[in-house]
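Q: Below you'll find the structure I mean.
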Amino acid sequence: MVRVKGGVHTRRKHKKVLKMAKGFWMTRHKQFKKAKEAVLHAGQYAYDGRKLKKRNFKTLWIVRLNAAVRTLGLNYNQFIHKLTEKNIVLDRKVLSQIAVEYPSVFSKIIEKIK
């Protein structure tokens with residue numbers, strides 16, 4: 001039986017990894033072994049980053065809301081509590097956008113919950 005060598009498949013696999021490692025530092029975009037490791041780590045960082053992004057945005061919305069609410073005589077904790085008491089169902093993202101872009105509408109929301 002003839003021995004089958006995997007040159008074509010190996011070349012294809014290596015090219016794929018090296019393409020993903022394009023722009024990496026030093027030998028991490030040239031040598032397959034180093035590139036493979038770098039691509040694996042980059043993928044893990046990207047995965048973690050997608051989870052962290054959601055967390056960071058939520059904290060940003062809370063900070064913005066707290067700043068906007070304090071100018072109108074409440075704090076964030078009281079504001080959220082009164083929203084749930086009055087059954088006003090707006091998420092933090094929408095509330096922070098209203099607070100930043102339409103302060104007059106936001107002050108009307110606060111008047112409604114007071």
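Residue numbers start at 1 in each chain; chains themselves are named A, B, ... in the order of the structure tokens; ligands are numbered from 1 in the order shown.
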Neighbours of A:Ile113 within 9 Å (only C-alpha atoms; same-chain residues fewer than 4 positions away dropped), as an MDAnalysis selection string?

A: chainID A and resid 79 82:83 85:86 88 108:109

Q: Next, the residues of the selection above should be written as a PDB file, in the first residue's frame with N, CA and C atoms.

A:
ATOM      1  N   PHE A  79     -34.114  55.589  43.302  1.00  0.00           N
ATOM      2  CA  PHE A  79     -34.717  55.733  41.977  1.00  0.00           C
ATOM      3  C   PHE A  79     -35.203  54.391  41.432  1.00  0.00           C
ATOM      4  N   LYS A  82     -38.198  53.048  43.481  1.00  0.00           N
ATOM      5  CA  LYS A  82     -39.465  53.717  43.170  1.00  0.00           C
ATOM      6  C   LYS A  82     -39.979  53.334  41.784  1.00  0.00           C
ATOM      7  N   LEU A  83     -39.065  53.084  40.852  1.00  0.00           N
ATOM      8  CA  LEU A  83     -39.489  52.615  39.524  1.00  0.00           C
ATOM      9  C   LEU A  83     -40.203  51.273  39.624  1.00  0.00           C
ATOM     10  N   GLU A  85     -41.689  50.044  42.284  1.00  0.00           N
ATOM     11  CA  GLU A  85     -42.945  50.240  43.015  1.00  0.00           C
ATOM     12  C   GLU A  85     -44.046  50.732  42.094  1.00  0.00           C
ATOM     13  N   LYS A  86     -43.711  51.662  41.189  1.00  0.00           N
ATOM     14  CA  LYS A  86     -44.699  52.250  40.281  1.00  0.00           C
ATOM     15  C   LYS A  86     -44.912  51.413  39.016  1.00  0.00           C
ATOM     16  N   ILE A  88     -42.929  50.873  36.496  1.00  0.00           N
ATOM     17  CA  ILE A  88     -42.382  51.476  35.281  1.00  0.00           C
ATOM     18  C   ILE A  88     -41.261  50.552  34.802  1.00  0.00           C
ATOM     19  N   LYS A 108     -39.323  64.561  34.008  1.00  0.00           N
ATOM     20  CA  LYS A 108     -40.750  64.222  34.105  1.00  0.00           C
ATOM     21  C   LYS A 108     -40.944  62.803  34.645  1.00  0.00           C
ATOM     22  N   ILE A 109     -40.053  61.904  34.262  1.00  0.00           N
ATOM     23  CA  ILE A 109     -40.106  60.528  34.795  1.00  0.00           C
ATOM     24  C   ILE A 109     -39.908  60.553  36.295  1.00  0.00           C
TER      25      ILE A 109
END

Q: Neighbours of A:Gly23 within 12 Å (only C-alpha atoms; same-chain residues fewer than 4 positions away dropped), as JSON, numbers by chain?

A: {"A": [18, 19, 27, 28, 29, 30, 35, 38, 39]}

Q: Between atom CA of A:Thr71 and atom CA of A:Asn87, what is the distance, to one decimal in Å?

A: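 Interatomic distance here is 23.0 Å.
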
Q: Just want the 12 Å neighbourhood of A:Ala42, counted on only C-alpha atoms, with same-chain residues fewer than 4 positions away dropped. Output as a list of chain:residue names.

A: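 So the residues in contact are A:Val17, A:Met20, A:Ala21, A:Lys22, A:Phe24, A:Arg28, A:Ala35, A:Lys36, A:Glu37, A:Ala38, A:Ala46, A:Tyr47, A:Asp48, A:Gly49.
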
Q: Atoms to include: C-alpha atoms. Write the selected residues as a JSON list (two decimals), in the first residue's frame.

A:
[["chain", "number", "residue", "atom", "x", "y", "z"],
["A", 17, "VAL", "CA", -3.78, 29.75, 11.34],
["A", 20, "MET", "CA", -5.66, 34.52, 11.63],
["A", 21, "ALA", "CA", -2.34, 35.56, 13.23],
["A", 22, "LYS", "CA", -1.75, 38.34, 10.71],
["A", 24, "PHE", "CA", 0.67, 39.69, 15.55],
["A", 28, "ARG", "CA", 3.78, 35.03, 16.33],
["A", 35, "ALA", "CA", 1.01, 31.52, 15.76],
["A", 36, "LYS", "CA", -1.22, 28.63, 16.79],
["A", 37, "GLU", "CA", -0.68, 29.38, 20.47],
["A", 38, "ALA", "CA", -1.23, 33.10, 19.94],
["A", 46, "ALA", "CA", -12.09, 37.71, 22.58],
["A", 47, "TYR", "CA", -14.59, 35.36, 24.23],
["A", 48, "ASP", "CA", -13.94, 36.88, 27.66],
["A", 49, "GLY", "CA", -14.12, 40.38, 26.19]]

Q: With distances taken over only C-alpha atoms, which of A:Glu111, A:Glu101, A:His14, A:Leu95 is nearest to A:Lys58?

A: A:Leu95

Q: Atom CA of A:Phe32 to atom CA of A:Lys13: how many Å, to one decimal?

A: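 Here the two named atoms are 9.6 Å from each other.
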